[in-house]
Amino acid sequence: MIELGYRVERIGEGADTPALCESLATASLYELTCEMFWGDLEWRVEGADFSGPGPVLDAAWAMFNMPQHLKSHNKRRYSAAEGAGEYFFTRSGDVVRIREEDGPVGTVSYQEFSDATAKFLNELLVDLCGRYPDLARNPVVIDIRRRVAARL
């Protein structure tokens, strides 16, 4: 079983100013995933707790892309921005093994992992676009939402 949740308090460093909110419409993928939307990620896989602070949208985007990569490659590493964590994903048949460097290990079925990560990214984007309407106009976000919809 996989559990995914989050808490995002603000867009970036300091207060959410009108100028910062407006910049969401033109922010690049890098800005959106590595520089904005930091918070607390709640992430548990079969009792292994990978939760902690970090770039929430970055983690959601990386996990969403992981099943596609694991279709043709049996291993993948994800390093969260600013040293927020390093995770190793290994697929063996229908099982995905997730390990944090010097930390816990959890396993989940490939299909459950794929479904849960698509649902999680969708819920995060619905929430963020509701809170920050300028984000919904961003071409990068429009593309990500299109990709997520194709997998749901």
# chains A, B, ... in the order shown; residues from 1 in each chain; ligands from 1
>>> select_by_dssp(residues="chain A", states="strand (DSSP E)", output="short mmCIF file (atom, residue, chain, number, x, y, z; two decimals) with N, CA and C atoms, in the first residue's frame")
data_model
loop_
_atom_site.label_atom_id
_atom_site.label_comp_id
_atom_site.auth_asym_id
_atom_site.auth_seq_id
_atom_site.Cartn_x
_atom_site.Cartn_y
_atom_site.Cartn_z
N ILE A 2 0.46 2.24 -0.73
CA ILE A 2 1.19 3.51 -0.79
C ILE A 2 0.26 4.63 -0.35
N GLU A 3 0.78 5.52 0.48
CA GLU A 3 0.03 6.69 0.94
C GLU A 3 0.81 7.93 0.57
N LEU A 4 0.16 8.88 -0.08
CA LEU A 4 0.80 10.12 -0.49
C LEU A 4 -0.05 11.31 -0.04
N GLY A 5 0.59 12.29 0.53
CA GLY A 5 -0.08 13.51 0.95
C GLY A 5 0.93 14.64 1.00
N TYR A 6 0.45 15.84 1.27
CA TYR A 6 1.35 16.99 1.26
C TYR A 6 0.76 18.15 2.04
N ARG A 7 1.62 19.12 2.29
CA ARG A 7 1.19 20.41 2.82
C ARG A 7 2.11 21.46 2.20
N VAL A 8 1.52 22.40 1.49
CA VAL A 8 2.26 23.52 0.91
C VAL A 8 1.72 24.78 1.56
N TRP A 38 7.53 24.47 -1.87
CA TRP A 38 8.16 23.63 -0.87
C TRP A 38 7.18 23.43 0.28
N GLY A 39 7.28 22.31 0.90
CA GLY A 39 6.39 22.00 2.02
C GLY A 39 6.75 20.66 2.62
N ASP A 40 5.76 20.00 3.13
CA ASP A 40 5.95 18.70 3.76
C ASP A 40 5.28 17.63 2.90
N LEU A 41 6.05 16.64 2.52
CA LEU A 41 5.55 15.52 1.75
C LEU A 41 5.29 14.36 2.71
N GLU A 42 4.10 13.81 2.64
CA GLU A 42 3.75 12.62 3.41
C GLU A 42 3.77 11.46 2.45
N TRP A 43 4.67 10.49 2.71
CA TRP A 43 4.89 9.43 1.74
C TRP A 43 5.26 8.15 2.49
N ARG A 44 4.35 7.19 2.46
CA ARG A 44 4.57 5.91 3.13
C ARG A 44 4.30 4.77 2.16
N VAL A 45 5.16 3.77 2.20
CA VAL A 45 5.01 2.59 1.35
C VAL A 45 5.18 1.36 2.23
N ALA A 48 7.04 1.77 5.44
CA ALA A 48 8.27 2.56 5.36
C ALA A 48 7.88 4.02 5.16
N ASP A 49 8.38 4.88 6.04
CA ASP A 49 7.99 6.29 6.02
C ASP A 49 9.10 7.13 5.38
N GLY A 52 8.84 13.95 4.72
CA GLY A 52 9.77 15.00 5.14
C GLY A 52 9.58 16.26 4.33
N PRO A 53 10.32 17.29 4.68
CA PRO A 53 10.22 18.55 3.95
C PRO A 53 10.93 18.46 2.59
N GLY A 54 10.45 19.25 1.65
CA GLY A 54 11.09 19.29 0.35
C GLY A 54 10.22 19.94 -0.69
N PRO A 55 10.64 19.83 -1.95
CA PRO A 55 9.90 20.42 -3.06
C PRO A 55 8.74 19.51 -3.46
N LYS A 75 15.75 0.26 -12.97
CA LYS A 75 16.22 1.07 -11.85
C LYS A 75 16.15 2.55 -12.20
N ARG A 76 15.96 3.36 -11.15
CA ARG A 76 15.95 4.83 -11.33
C ARG A 76 16.24 5.47 -9.98
N ARG A 77 16.98 6.55 -10.01
CA ARG A 77 17.28 7.29 -8.79
C ARG A 77 16.62 8.66 -8.90
N TYR A 78 16.10 9.14 -7.78
CA TYR A 78 15.53 10.48 -7.71
C TYR A 78 16.22 11.22 -6.57
N SER A 79 16.82 12.35 -6.90
CA SER A 79 17.45 13.20 -5.90
C SER A 79 16.63 14.47 -5.79
N ALA A 80 16.02 14.68 -4.65
CA ALA A 80 15.21 15.88 -4.43
C ALA A 80 16.11 17.11 -4.37
N GLY A 85 16.54 14.75 -0.11
CA GLY A 85 16.51 13.29 -0.04
C GLY A 85 16.95 12.65 -1.34
N GLU A 86 17.41 11.41 -1.24
CA GLU A 86 17.79 10.64 -2.42
C GLU A 86 17.11 9.28 -2.31
N TYR A 87 16.42 8.90 -3.37
CA TYR A 87 15.59 7.71 -3.36
C TYR A 87 15.96 6.83 -4.55
N PHE A 88 15.90 5.51 -4.33
CA PHE A 88 16.23 4.54 -5.35
C PHE A 88 15.00 3.68 -5.61
N PHE A 89 14.61 3.56 -6.87
CA PHE A 89 13.44 2.80 -7.29
C PHE A 89 13.93 1.63 -8.14
N THR A 90 13.47 0.42 -7.82
CA THR A 90 13.84 -0.78 -8.56
C THR A 90 12.58 -1.56 -8.86
N ARG A 91 12.42 -1.94 -10.11
CA ARG A 91 11.27 -2.75 -10.49
C ARG A 91 11.72 -4.17 -10.79
N SER A 92 11.01 -5.11 -10.20
CA SER A 92 11.24 -6.53 -10.46
C SER A 92 9.88 -7.14 -10.70
N VAL A 95 6.60 -5.66 -9.00
CA VAL A 95 6.88 -5.05 -7.71
C VAL A 95 7.89 -3.92 -7.86
N VAL A 96 7.58 -2.80 -7.21
CA VAL A 96 8.51 -1.67 -7.17
C VAL A 96 9.04 -1.59 -5.74
N ARG A 97 10.36 -1.57 -5.65
CA ARG A 97 11.03 -1.44 -4.35
C ARG A 97 11.57 -0.02 -4.27
N ILE A 98 11.27 0.66 -3.17
CA ILE A 98 11.70 2.04 -2.97
C ILE A 98 12.58 2.08 -1.74
N ARG A 99 13.75 2.71 -1.90
CA ARG A 99 14.69 2.78 -0.81
C ARG A 99 15.24 4.20 -0.72
N GLU A 100 15.26 4.72 0.48
CA GLU A 100 15.88 6.02 0.72
C GLU A 100 17.33 5.77 1.11
N VAL A 105 13.03 1.02 3.53
CA VAL A 105 12.75 0.34 2.27
C VAL A 105 11.28 -0.06 2.27
N GLY A 106 10.60 0.16 1.16
CA GLY A 106 9.21 -0.26 1.03
C GLY A 106 8.96 -0.86 -0.34
N THR A 107 7.97 -1.73 -0.45
CA THR A 107 7.61 -2.31 -1.74
C THR A 107 6.12 -2.10 -1.98
N VAL A 108 5.78 -1.96 -3.26
CA VAL A 108 4.40 -1.75 -3.68
C VAL A 108 4.26 -2.33 -5.08
N SER A 109 3.06 -2.73 -5.45
CA SER A 109 2.86 -3.24 -6.81
C SER A 109 3.07 -2.11 -7.81
#
>>> atom_distance(atom1="CA of Ala136 (chain A)", atom2="CA of Lys119 (chain A)")
17.6 Å
>>> closest_atom_pairs(of="region 45-116 of chain A", to="region 18-35 of chain A", cutoff="10 Å", atoms="only C-alpha atoms", output="Markdown table")
| residue | atom | partner | partner_atom | distance |
| --- | --- | --- | --- | --- |
| A:Gly54 | CA | A:Cys34 | CA | 9.0 |
| A:Pro55 | CA | A:Cys34 | CA | 6.0 |
| A:Val56 | CA | A:Thr33 | CA | 7.6 |
| A:Leu57 | CA | A:Thr33 | CA | 5.2 |
| A:Asp58 | CA | A:Thr33 | CA | 4.2 |
| A:Ala59 | CA | A:Thr33 | CA | 7.9 |
| A:Ala60 | CA | A:Thr33 | CA | 9.0 |
| A:Trp61 | CA | A:Thr33 | CA | 7.8 |
| A:Ala62 | CA | A:Thr33 | CA | 9.4 |
| A:Ala80 | CA | A:Cys34 | CA | 8.3 |
| A:Ala81 | CA | A:Cys34 | CA | 5.9 |
| A:Glu82 | CA | A:Cys34 | CA | 8.3 |
>>> write_last_selection(atoms="C-alpha atoms", output="compact mmCIF listing (two decimals), in the first residue's frame")
# COMPACT_ATOMS: atom_id res chain seq x y z
CA GLY A 54 11.09 19.29 0.35
CA PRO A 55 9.90 20.42 -3.06
CA VAL A 56 6.39 18.95 -3.17
CA LEU A 57 5.65 19.53 -6.86
CA ASP A 58 9.10 18.22 -7.81
CA ALA A 59 8.54 15.00 -5.87
CA ALA A 60 5.03 14.55 -7.30
CA TRP A 61 6.28 15.14 -10.88
CA ALA A 62 9.25 12.76 -10.44
CA ALA A 80 15.21 15.88 -4.43
CA ALA A 81 16.31 19.50 -4.78
CA GLU A 82 18.49 21.08 -2.11
>>> select_by_dssp(residues="chain A", states="helix (DSSP H, G or I)", output="PyMOL selection string")
chain A and resi 18-23+29-35+56-72+81-83+110-131+133-137+139-151
>>> write_last_selection(atoms="C-alpha atoms", output="tab-separated table (two decimals), in the first residue's frame")
chain	number	residue	atom	x	y	z
A	18	PRO	CA	0.90	39.63	-6.07
A	19	ALA	CA	3.99	39.78	-8.33
A	20	LEU	CA	5.07	36.29	-7.25
A	21	CYS	CA	1.57	34.94	-7.86
A	22	GLU	CA	1.51	36.51	-11.34
A	23	SER	CA	4.90	34.94	-12.15
A	29	LEU	CA	9.39	23.63	-15.13
A	30	TYR	CA	12.59	24.10	-13.13
A	31	GLU	CA	11.18	27.10	-11.26
A	32	LEU	CA	7.92	25.30	-10.53
A	33	THR	CA	9.48	22.07	-9.35
A	34	CYS	CA	12.72	23.13	-7.67
A	35	GLU	CA	12.20	26.70	-6.49
A	56	VAL	CA	6.39	18.95	-3.17
A	57	LEU	CA	5.65	19.53	-6.86
A	58	ASP	CA	9.10	18.22	-7.81
A	59	ALA	CA	8.54	15.00	-5.87
A	60	ALA	CA	5.03	14.55	-7.30
A	61	TRP	CA	6.28	15.14	-10.88
A	62	ALA	CA	9.25	12.76	-10.44
A	63	MET	CA	7.07	10.00	-8.96
A	64	PHE	CA	4.48	10.46	-11.72
A	65	ASN	CA	7.20	9.88	-14.35
A	66	MET	CA	8.79	6.95	-12.51
A	67	PRO	CA	6.41	4.18	-13.70
A	68	GLN	CA	6.98	5.11	-17.36
A	69	HIS	CA	10.75	4.95	-16.85
A	70	LEU	CA	10.48	1.66	-14.98
A	71	LYS	CA	8.66	0.08	-17.94
A	72	SER	CA	11.91	-0.04	-19.92
A	81	ALA	CA	16.31	19.50	-4.78
A	82	GLU	CA	18.49	21.08	-2.11
A	83	GLY	CA	19.44	17.74	-0.60
A	110	TYR	CA	3.81	-1.49	-10.02
A	111	GLN	CA	0.16	-0.82	-10.93
A	112	GLU	CA	-0.69	0.60	-7.50
A	113	PHE	CA	2.40	2.83	-7.65
A	114	SER	CA	1.47	4.06	-11.14
A	115	ASP	CA	-2.15	4.76	-10.18
A	116	ALA	CA	-1.31	6.42	-6.85
A	117	THR	CA	1.33	8.74	-8.29
A	118	ALA	CA	-0.97	9.90	-11.12
A	119	LYS	CA	-3.81	10.53	-8.66
A	120	PHE	CA	-1.47	12.36	-6.27
A	121	LEU	CA	-0.08	14.70	-8.93
A	122	ASN	CA	-3.60	15.41	-10.20
A	123	GLU	CA	-4.88	16.26	-6.72
A	124	LEU	CA	-1.88	18.48	-6.04
A	125	LEU	CA	-2.35	20.41	-9.29
A	126	VAL	CA	-6.09	20.83	-8.74
A	127	ASP	CA	-5.37	22.22	-5.28
A	128	LEU	CA	-2.52	24.52	-6.35
A	129	CYS	CA	-4.40	25.86	-9.39
A	130	GLY	CA	-7.39	26.53	-7.15
A	131	ARG	CA	-5.24	28.43	-4.68
A	133	PRO	CA	-5.34	30.75	-10.47
A	134	ASP	CA	-2.41	32.19	-12.48
A	135	LEU	CA	-0.77	28.75	-12.27
A	136	ALA	CA	-3.57	27.22	-14.35
A	137	ARG	CA	-2.56	29.47	-17.29
A	139	PRO	CA	1.89	26.28	-20.45
A	140	VAL	CA	4.05	23.86	-18.47
A	141	VAL	CA	1.21	23.14	-16.04
A	142	ILE	CA	-1.27	22.77	-18.92
A	143	ASP	CA	1.03	20.14	-20.46
A	144	ILE	CA	1.50	18.29	-17.16
A	145	ARG	CA	-2.26	18.25	-16.56
A	146	ARG	CA	-2.78	16.85	-20.07
A	147	ARG	CA	-0.29	14.04	-19.35
A	148	VAL	CA	-1.90	13.25	-16.01
A	149	ALA	CA	-5.40	13.15	-17.54
A	150	ALA	CA	-4.16	10.65	-20.14
A	151	ARG	CA	-3.06	8.29	-17.37
>>> atom_distance(atom1="CA of Asp102 (chain A)", atom2="CA of Asn74 (chain A)")
20.6 Å
>>> closest_residue(among="A:Asn138, A:Tyr132, A:Leu152, A:Pro104", to="Arg10 (chain A)", atoms="only C-alpha atoms")
A:Tyr132
>>> decode(residues="region 119-131 of chain A", atoms="N, CA and C atoms", output="mmCIF file, in the first residue's frame")
data_model
loop_
_atom_site.group_PDB
_atom_site.id
_atom_site.type_symbol
_atom_site.label_atom_id
_atom_site.label_comp_id
_atom_site.auth_asym_id
_atom_site.auth_seq_id
_atom_site.Cartn_x
_atom_site.Cartn_y
_atom_site.Cartn_z
ATOM 1 N N LYS A 119 -2.741 9.928 -9.466
ATOM 2 C CA LYS A 119 -3.809 10.529 -8.658
ATOM 3 C C LYS A 119 -3.244 11.639 -7.763
ATOM 4 N N PHE A 120 -2.091 11.388 -7.162
ATOM 5 C CA PHE A 120 -1.467 12.358 -6.272
ATOM 6 C C PHE A 120 -1.096 13.641 -7.013
ATOM 7 N N LEU A 121 -0.449 13.513 -8.166
ATOM 8 C CA LEU A 121 -0.077 14.702 -8.933
ATOM 9 C C LEU A 121 -1.320 15.462 -9.382
ATOM 10 N N ASN A 122 -2.358 14.752 -9.797
ATOM 11 C CA ASN A 122 -3.596 15.409 -10.205
ATOM 12 C C ASN A 122 -4.206 16.199 -9.048
ATOM 13 N N GLU A 123 -4.302 15.577 -7.880
ATOM 14 C CA GLU A 123 -4.884 16.256 -6.716
ATOM 15 C C GLU A 123 -4.061 17.479 -6.314
ATOM 16 N N LEU A 124 -2.747 17.354 -6.367
ATOM 17 C CA LEU A 124 -1.875 18.479 -6.038
ATOM 18 C C LEU A 124 -2.095 19.632 -7.004
ATOM 19 N N LEU A 125 -2.155 19.347 -8.302
ATOM 20 C CA LEU A 125 -2.348 20.415 -9.290
ATOM 21 C C LEU A 125 -3.725 21.052 -9.181
ATOM 22 N N VAL A 126 -4.748 20.266 -8.933
ATOM 23 C CA VAL A 126 -6.094 20.831 -8.743
ATOM 24 C C VAL A 126 -6.075 21.795 -7.560
ATOM 25 N N ASP A 127 -5.447 21.376 -6.461
ATOM 26 C CA ASP A 127 -5.369 22.221 -5.278
ATOM 27 C C ASP A 127 -4.561 23.485 -5.551
ATOM 28 N N LEU A 128 -3.375 23.349 -6.117
ATOM 29 C CA LEU A 128 -2.521 24.516 -6.352
ATOM 30 C C LEU A 128 -3.141 25.485 -7.353
ATOM 31 N N CYS A 129 -3.758 24.974 -8.403
ATOM 32 C CA CYS A 129 -4.398 25.857 -9.387
ATOM 33 C C CYS A 129 -5.623 26.543 -8.792
ATOM 34 N N GLY A 130 -6.281 25.890 -7.850
ATOM 35 C CA GLY A 130 -7.395 26.529 -7.147
ATOM 36 C C GLY A 130 -6.917 27.646 -6.232
ATOM 37 N N ARG A 131 -5.798 27.424 -5.577
ATOM 38 C CA ARG A 131 -5.236 28.430 -4.676
ATOM 39 C C ARG A 131 -4.542 29.558 -5.427
#
